[in-house]
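*Asks:* Handing over work_34.txt, compact mmCIF, N, CA and C atoms.
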```txt
# COMPACT_ATOMS: atom_id res chain seq x y z
N MET A 14 85.45 113.45 95.58
CA MET A 14 86.82 113.33 95.11
C MET A 14 87.74 113.28 96.33
N ASP A 15 88.63 112.30 96.32
CA ASP A 15 89.62 112.16 97.39
C ASP A 15 90.91 112.84 96.95
N ILE A 16 91.51 113.59 97.85
CA ILE A 16 92.69 114.40 97.53
C ILE A 16 93.79 114.15 98.55
N ILE A 17 95.00 113.92 98.06
CA ILE A 17 96.16 113.91 98.94
C ILE A 17 96.86 115.25 98.76
N PHE A 18 97.68 115.64 99.75
CA PHE A 18 98.39 116.90 99.60
C PHE A 18 99.80 116.79 100.12
N LEU A 19 100.66 117.57 99.53
CA LEU A 19 102.03 117.77 99.98
C LEU A 19 102.18 119.28 100.13
N HIS A 20 102.33 119.77 101.34
CA HIS A 20 102.45 121.21 101.60
C HIS A 20 103.82 121.53 102.17
N ASP A 21 104.27 122.73 101.88
CA ASP A 21 105.56 123.23 102.36
C ASP A 21 106.72 122.34 101.93
N PHE A 22 106.63 121.81 100.71
CA PHE A 22 107.68 120.99 100.13
C PHE A 22 108.72 121.97 99.59
N LYS A 23 109.88 122.03 100.23
CA LYS A 23 110.92 122.99 99.84
C LYS A 23 112.06 122.25 99.15
N VAL A 24 112.53 122.85 98.06
CA VAL A 24 113.60 122.24 97.28
C VAL A 24 114.41 123.35 96.60
N LYS A 25 115.70 123.11 96.43
CA LYS A 25 116.55 124.06 95.72
C LYS A 25 116.60 123.69 94.25
N THR A 26 116.50 124.70 93.40
CA THR A 26 116.55 124.47 91.96
C THR A 26 117.00 125.74 91.24
N LEU A 27 117.44 125.57 90.03
CA LEU A 27 117.77 126.71 89.19
C LEU A 27 116.49 127.16 88.49
N ILE A 28 116.10 128.39 88.73
CA ILE A 28 114.90 128.93 88.11
C ILE A 28 115.04 130.43 87.97
N GLY A 29 114.66 130.94 86.81
CA GLY A 29 114.66 132.39 86.65
C GLY A 29 115.15 132.83 85.29
N ILE A 30 114.96 134.10 85.03
CA ILE A 30 115.32 134.68 83.74
C ILE A 30 116.63 135.45 83.78
N TYR A 31 117.09 135.81 84.96
CA TYR A 31 118.32 136.59 85.07
C TYR A 31 119.54 135.68 85.07
N PRO A 32 120.67 136.17 84.55
CA PRO A 32 121.88 135.33 84.48
C PRO A 32 122.28 134.72 85.82
N TRP A 33 122.17 135.46 86.92
CA TRP A 33 122.57 134.91 88.21
C TRP A 33 121.65 133.76 88.63
N GLU A 34 120.38 133.79 88.16
CA GLU A 34 119.44 132.74 88.52
C GLU A 34 119.74 131.42 87.79
N ARG A 35 120.54 131.50 86.75
CA ARG A 35 120.94 130.29 86.02
C ARG A 35 122.16 129.64 86.63
N LYS A 36 122.75 130.31 87.64
CA LYS A 36 123.96 129.80 88.28
C LYS A 36 123.77 129.47 89.76
N VAL A 37 122.85 130.17 90.42
CA VAL A 37 122.66 130.02 91.86
C VAL A 37 121.29 129.37 92.12
N ALA A 38 121.31 128.21 92.75
CA ALA A 38 120.05 127.53 93.08
C ALA A 38 119.27 128.34 94.11
N GLN A 39 117.97 128.40 93.92
CA GLN A 39 117.08 129.10 94.84
C GLN A 39 116.15 128.09 95.50
N THR A 40 115.74 128.41 96.70
CA THR A 40 114.76 127.56 97.37
C THR A 40 113.38 127.97 96.91
N ILE A 41 112.61 126.97 96.46
CA ILE A 41 111.22 127.21 96.12
C ILE A 41 110.35 126.37 97.05
N GLN A 42 109.13 126.78 97.18
CA GLN A 42 108.16 126.04 97.99
C GLN A 42 107.05 125.55 97.08
N LEU A 43 106.73 124.27 97.21
CA LEU A 43 105.65 123.68 96.45
C LEU A 43 104.54 123.25 97.40
N ASP A 44 103.32 123.50 96.99
CA ASP A 44 102.14 122.99 97.67
C ASP A 44 101.32 122.28 96.61
N LEU A 45 101.07 120.99 96.81
CA LEU A 45 100.34 120.20 95.83
C LEU A 45 99.08 119.62 96.45
N GLU A 46 98.02 119.63 95.67
CA GLU A 46 96.81 118.89 95.99
C GLU A 46 96.55 118.00 94.79
N ILE A 47 96.42 116.70 95.05
CA ILE A 47 96.35 115.72 93.97
C ILE A 47 95.14 114.82 94.18
N ALA A 48 94.24 114.81 93.20
CA ALA A 48 93.07 113.94 93.29
C ALA A 48 93.49 112.50 93.05
N LEU A 49 92.95 111.61 93.85
CA LEU A 49 93.22 110.19 93.67
C LEU A 49 92.43 109.66 92.48
N PRO A 50 93.03 108.74 91.73
CA PRO A 50 92.30 108.16 90.60
C PRO A 50 91.03 107.42 91.02
N SER A 51 91.02 106.90 92.25
CA SER A 51 89.82 106.23 92.77
C SER A 51 89.86 106.31 94.29
N SER A 52 88.76 105.91 94.92
CA SER A 52 88.72 105.89 96.38
C SER A 52 88.99 104.48 96.93
N ARG A 53 89.52 103.62 96.10
CA ARG A 53 89.76 102.23 96.47
C ARG A 53 90.61 102.10 97.75
N ALA A 54 91.64 102.94 97.89
CA ALA A 54 92.54 102.84 99.05
C ALA A 54 91.80 103.03 100.37
N CYS A 55 90.74 103.81 100.37
CA CYS A 55 89.95 104.03 101.59
C CYS A 55 89.31 102.73 102.07
N HIS A 56 89.04 101.84 101.15
CA HIS A 56 88.36 100.59 101.48
C HIS A 56 89.32 99.42 101.66
N THR A 57 90.42 99.43 100.90
CA THR A 57 91.34 98.28 100.95
C THR A 57 92.47 98.46 101.93
N ASP A 58 92.84 99.72 102.22
CA ASP A 58 93.96 100.02 103.11
C ASP A 58 95.28 99.47 102.55
N LYS A 59 95.40 99.47 101.21
CA LYS A 59 96.60 98.95 100.55
C LYS A 59 97.25 100.05 99.72
N ILE A 60 98.58 100.14 99.85
CA ILE A 60 99.33 101.20 99.15
C ILE A 60 99.19 101.09 97.64
N GLN A 61 99.04 99.90 97.10
CA GLN A 61 98.92 99.76 95.64
C GLN A 61 97.63 100.39 95.11
N ASP A 62 96.68 100.68 96.00
CA ASP A 62 95.44 101.35 95.60
C ASP A 62 95.48 102.86 95.86
N ALA A 63 96.62 103.35 96.31
CA ALA A 63 96.77 104.77 96.65
C ALA A 63 97.88 105.39 95.79
N LEU A 64 98.08 106.68 95.96
CA LEU A 64 99.24 107.35 95.37
C LEU A 64 100.31 107.42 96.46
N ASP A 65 101.52 107.06 96.10
CA ASP A 65 102.63 107.02 97.05
C ASP A 65 103.26 108.41 97.14
N TYR A 66 103.09 109.07 98.27
CA TYR A 66 103.63 110.42 98.48
C TYR A 66 105.13 110.47 98.20
N ALA A 67 105.84 109.46 98.67
CA ALA A 67 107.30 109.43 98.52
C ALA A 67 107.70 109.37 97.05
N LEU A 68 106.98 108.60 96.25
CA LEU A 68 107.29 108.52 94.81
C LEU A 68 107.02 109.84 94.11
N ILE A 69 105.97 110.53 94.52
CA ILE A 69 105.65 111.83 93.93
C ILE A 69 106.76 112.83 94.27
N ALA A 70 107.18 112.87 95.53
CA ALA A 70 108.25 113.79 95.95
C ALA A 70 109.55 113.46 95.22
N LYS A 71 109.86 112.18 95.09
CA LYS A 71 111.07 111.76 94.39
C LYS A 71 111.04 112.20 92.93
N ARG A 72 109.90 112.04 92.27
CA ARG A 72 109.78 112.42 90.86
C ARG A 72 109.94 113.93 90.69
N ILE A 73 109.37 114.70 91.57
CA ILE A 73 109.51 116.16 91.50
C ILE A 73 110.97 116.56 91.71
N ASN A 74 111.64 115.94 92.67
CA ASN A 74 113.07 116.23 92.89
C ASN A 74 113.89 115.89 91.65
N GLU A 75 113.57 114.79 90.97
CA GLU A 75 114.28 114.43 89.73
C GLU A 75 114.09 115.49 88.65
N ILE A 76 112.86 115.95 88.49
CA ILE A 76 112.57 116.98 87.49
C ILE A 76 113.37 118.24 87.79
N LEU A 77 113.34 118.69 89.04
CA LEU A 77 114.00 119.95 89.40
C LEU A 77 115.51 119.84 89.38
N ALA A 78 116.05 118.64 89.50
CA ALA A 78 117.50 118.46 89.42
C ALA A 78 117.99 118.47 87.98
N LYS A 79 117.14 118.09 87.04
CA LYS A 79 117.56 117.93 85.64
C LYS A 79 117.20 119.10 84.73
N LYS A 80 116.13 119.81 85.04
CA LYS A 80 115.58 120.79 84.10
C LYS A 80 115.62 122.19 84.69
N HIS A 81 116.03 123.16 83.86
CA HIS A 81 115.99 124.56 84.25
C HIS A 81 114.74 125.20 83.67
N PHE A 82 114.02 125.91 84.50
CA PHE A 82 112.84 126.64 84.05
C PHE A 82 113.12 128.13 84.19
N SER A 83 112.65 128.91 83.24
CA SER A 83 112.77 130.36 83.34
C SER A 83 111.65 130.93 84.20
N LEU A 84 110.45 130.38 84.06
CA LEU A 84 109.28 130.92 84.73
C LEU A 84 108.65 129.92 85.68
N LEU A 85 108.12 130.42 86.78
CA LEU A 85 107.38 129.58 87.72
C LEU A 85 106.18 128.94 87.04
N GLU A 86 105.57 129.66 86.11
CA GLU A 86 104.41 129.14 85.39
C GLU A 86 104.76 127.86 84.63
N ALA A 87 105.91 127.85 83.97
CA ALA A 87 106.34 126.67 83.21
C ALA A 87 106.68 125.52 84.14
N LEU A 88 107.31 125.82 85.26
CA LEU A 88 107.63 124.78 86.24
C LEU A 88 106.34 124.17 86.78
N ALA A 89 105.38 124.98 87.16
CA ALA A 89 104.11 124.49 87.69
C ALA A 89 103.39 123.62 86.66
N GLU A 90 103.39 124.06 85.42
CA GLU A 90 102.72 123.29 84.36
C GLU A 90 103.39 121.93 84.16
N HIS A 91 104.71 121.91 84.16
CA HIS A 91 105.44 120.66 83.97
C HIS A 91 105.13 119.67 85.10
N ILE A 92 105.12 120.16 86.32
CA ILE A 92 104.80 119.30 87.46
C ILE A 92 103.35 118.81 87.36
N ALA A 93 102.43 119.69 87.02
CA ALA A 93 101.03 119.31 86.89
C ALA A 93 100.86 118.21 85.85
N GLN A 94 101.47 118.39 84.69
CA GLN A 94 101.34 117.39 83.62
C GLN A 94 101.98 116.06 84.01
N THR A 95 103.07 116.12 84.75
CA THR A 95 103.71 114.89 85.24
C THR A 95 102.78 114.14 86.17
N ILE A 96 102.13 114.84 87.09
CA ILE A 96 101.21 114.21 88.04
C ILE A 96 100.02 113.60 87.30
N LEU A 97 99.48 114.34 86.34
CA LEU A 97 98.32 113.85 85.60
C LEU A 97 98.64 112.62 84.77
N THR A 98 99.79 112.63 84.11
CA THR A 98 100.11 111.52 83.21
C THR A 98 100.78 110.34 83.90
N GLU A 99 101.80 110.59 84.69
CA GLU A 99 102.54 109.49 85.30
C GLU A 99 101.82 108.86 86.49
N PHE A 100 101.06 109.66 87.21
CA PHE A 100 100.39 109.14 88.40
C PHE A 100 98.87 108.97 88.19
N LYS A 101 98.42 109.25 86.98
CA LYS A 101 97.02 109.03 86.58
C LYS A 101 96.00 109.77 87.44
N SER A 102 96.39 110.93 87.92
CA SER A 102 95.46 111.74 88.71
C SER A 102 94.49 112.44 87.77
N PRO A 103 93.21 112.54 88.14
CA PRO A 103 92.27 113.27 87.29
C PRO A 103 92.33 114.79 87.46
N TRP A 104 92.94 115.27 88.56
CA TRP A 104 92.99 116.70 88.85
C TRP A 104 94.17 116.99 89.76
N VAL A 105 94.80 118.14 89.54
CA VAL A 105 95.91 118.54 90.39
C VAL A 105 95.92 120.06 90.54
N LYS A 106 96.31 120.50 91.72
CA LYS A 106 96.52 121.93 91.97
C LYS A 106 97.97 122.07 92.41
N VAL A 107 98.70 122.94 91.73
CA VAL A 107 100.13 123.13 92.00
C VAL A 107 100.35 124.60 92.33
N ARG A 108 100.94 124.83 93.48
CA ARG A 108 101.32 126.19 93.90
C ARG A 108 102.84 126.18 94.04
N VAL A 109 103.49 127.12 93.35
CA VAL A 109 104.95 127.23 93.39
C VAL A 109 105.32 128.64 93.80
N ALA A 110 106.23 128.76 94.77
CA ALA A 110 106.62 130.09 95.24
C ALA A 110 108.13 130.18 95.41
N LYS A 111 108.67 131.35 95.03
CA LYS A 111 110.05 131.69 95.36
C LYS A 111 110.00 132.36 96.73
N LEU A 112 111.03 132.12 97.51
CA LEU A 112 111.05 132.63 98.89
C LEU A 112 112.05 133.78 99.03
N GLY A 113 111.58 134.90 99.59
CA GLY A 113 112.45 136.01 99.93
C GLY A 113 113.21 136.63 98.77
N ILE A 114 112.64 136.65 97.58
CA ILE A 114 113.33 137.18 96.40
C ILE A 114 113.21 138.71 96.31
N ILE A 115 112.07 139.22 96.69
CA ILE A 115 111.84 140.67 96.64
C ILE A 115 111.76 141.19 98.07
N ARG A 116 112.49 142.25 98.33
CA ARG A 116 112.50 142.85 99.67
C ARG A 116 111.07 143.15 100.12
N GLY A 117 110.75 142.69 101.32
CA GLY A 117 109.44 142.94 101.89
C GLY A 117 108.37 141.93 101.48
N VAL A 118 108.73 141.00 100.61
CA VAL A 118 107.78 139.98 100.17
C VAL A 118 108.31 138.62 100.61
N GLN A 119 107.58 137.95 101.48
CA GLN A 119 108.04 136.67 102.00
C GLN A 119 108.10 135.61 100.91
N LYS A 120 107.05 135.51 100.09
CA LYS A 120 107.07 134.59 98.97
C LYS A 120 106.18 135.11 97.86
N LEU A 121 106.52 134.73 96.65
CA LEU A 121 105.74 135.11 95.48
C LEU A 121 105.67 133.91 94.57
N GLY A 122 104.58 133.79 93.84
CA GLY A 122 104.48 132.62 93.00
C GLY A 122 103.21 132.54 92.19
N VAL A 123 102.92 131.30 91.75
CA VAL A 123 101.76 131.03 90.92
C VAL A 123 101.03 129.81 91.47
N CYS A 124 99.76 129.73 91.12
CA CYS A 124 98.95 128.58 91.48
C CYS A 124 98.14 128.19 90.24
N ILE A 125 98.23 126.92 89.85
CA ILE A 125 97.46 126.45 88.69
C ILE A 125 96.68 125.20 89.08
N GLU A 126 95.58 125.00 88.39
CA GLU A 126 94.80 123.77 88.51
C GLU A 126 94.66 123.18 87.12
N ARG A 127 94.83 121.86 87.05
CA ARG A 127 94.70 121.18 85.76
C ARG A 127 93.91 119.89 85.94
N THR A 128 93.21 119.50 84.89
CA THR A 128 92.51 118.22 84.87
C THR A 128 93.07 117.38 83.74
N SER A 129 92.92 116.08 83.88
CA SER A 129 93.38 115.20 82.82
C SER A 129 92.38 115.27 81.67
N LYS A 130 92.88 115.06 80.49
CA LYS A 130 92.04 115.09 79.30
C LYS A 130 91.29 113.77 79.22
N PRO A 131 89.99 113.81 79.03
CA PRO A 131 89.25 112.54 78.91
C PRO A 131 89.66 111.78 77.65
N THR A 132 89.77 110.48 77.78
CA THR A 132 90.12 109.66 76.62
C THR A 132 88.85 109.20 75.93
N ILE A 133 88.93 109.19 74.62
CA ILE A 133 87.73 108.81 73.82
C ILE A 133 87.92 107.42 73.27
```
Here is the file; what I need is its structure written in the form of structure tokens.

*Replies:*
Amino acid sequence: MDIIFLHDFKVKTLIGIYPWERKVAQTIQLDLEIALPSSRACHTDKIQDALDYALIAKRINEILAKKHFSLLEALAEHIAQTILTEFKSPWVKVRVAKLGIIRGVQKLGVCIERTSKPTI
């Protein structure tokens, strides 16, 4: 399985359950590992046979600009499902962390792995 990754992707978004978190954007860190639908790009050296990192980052920024999530778990799931469906990845690992929210804790978050559902 061939995997691309985006690590230390930082973006500001509204996330949280407390009233102040619905008003003040927080910086979150995303780390993504995304399985390629095929290994064709390794042989052809053509972008149309690969996943475009820039398009993935742009799509995630669009999601985080439009949608408020209460929980990191829901945000991670939404991103995972977007990658699986829109980018046709067979597998994705999404790690999402809030930075510096709790005194003495540099970052806290969740990590999920999802696979695409096989079509019959």

*Asks:* If we count all atoms listed in the file and set the cut-off at 7 Å, which residues sit around Pro50 (chain A), ignoring sequence neighbours fewer than 2 positions away in its own chain? Please answer as a PyMOL selection string.

*Replies:* chain A and resi 15+47-48+52-53+64+100-103

*Asks:* Name the residues in contact with Lys106 (chain A) at a cut-off of 7 Å, using only N, CA and C atoms, excluding same-chain residues fewer than 5 positions from it; report them as number ranges by chain.

*Replies:* A: 44-48, 93, 124-127

*Asks:* As an mmCIF file with N, CA and C atoms, in the coordinates of the input, please: the residues near region 27-39 of chain A (cut-off 7 Å, only C-alpha atoms, same-chain neighbours under 4 positions excluded).

*Replies:*
```cif
data_model
loop_
_atom_site.group_PDB
_atom_site.id
_atom_site.type_symbol
_atom_site.label_atom_id
_atom_site.label_comp_id
_atom_site.auth_asym_id
_atom_site.auth_seq_id
_atom_site.Cartn_x
_atom_site.Cartn_y
_atom_site.Cartn_z
ATOM 1 N N HIS A 81 116.030 123.160 83.860
ATOM 2 C CA HIS A 81 115.990 124.560 84.250
ATOM 3 C C HIS A 81 114.740 125.200 83.670
ATOM 4 N N PHE A 82 114.020 125.910 84.500
ATOM 5 C CA PHE A 82 112.840 126.640 84.050
ATOM 6 C C PHE A 82 113.120 128.130 84.190
ATOM 7 N N SER A 83 112.650 128.910 83.240
ATOM 8 C CA SER A 83 112.770 130.360 83.340
ATOM 9 C C SER A 83 111.650 130.930 84.200
ATOM 10 N N LEU A 84 110.450 130.380 84.060
ATOM 11 C CA LEU A 84 109.280 130.920 84.730
ATOM 12 C C LEU A 84 108.650 129.920 85.680
#
```

*Asks:* Could I get the residues of region 31-104 of chain A with an atom no further than 6.5 Å from an atom of region 111-119 of chain A, each paired with its nearest atom pair and that distance in Å to one decimal, using all atoms listed in the file, sorted by chain and residue number, as a tab-separated table?

*Replies:*
```
residue	atom	partner	partner_atom	distance
A:Thr40	C	A:Leu112	N	4.8
A:Ile41	CA	A:Lys111	CA	4.7
A:Gln42	N	A:Lys111	N	5.1
```

*Asks:* Pick from A:Leu43, A:Thr26, A:Ser129, A:Ile60: nearest to Thr98 (chain A), with all atoms listed in the file counted?

*Replies:*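 Of all the options, A:Ser129 lies closest to Thr98 (chain A).
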
*Asks:* Nearest residue to Ile16 (chain A) out of A:Gln94, A:Glu86, A:Leu77, A:Leu49, using only C-alpha atoms?

*Replies:*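 The shortest atom-to-atom distance to Ile16 (chain A) comes from A:Leu49.
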
*Asks:* Out of chain A, which residues get strand (DSSP E or B) from DSSP, as number ranges by chain?

*Replies:* A: 16-26, 28, 39-48, 82, 104-112, 120-128

*Asks:* So the first atom is atom C of Leu85 (chain A) and the second is atom N of Ile17 (chain A); what is the distance between them in Å, to one decimal place?

*Replies:*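 One can read the atom C of Leu85 (chain A) to atom N of Ile17 (chain A) distance as 21.7 Å.
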
*Asks:* Nearest residue to Arg108 (chain A) out of A:Arg72, A:Lys120, A:Lys80, A:Lys59, using only C-alpha atoms?

*Replies:* A:Lys120
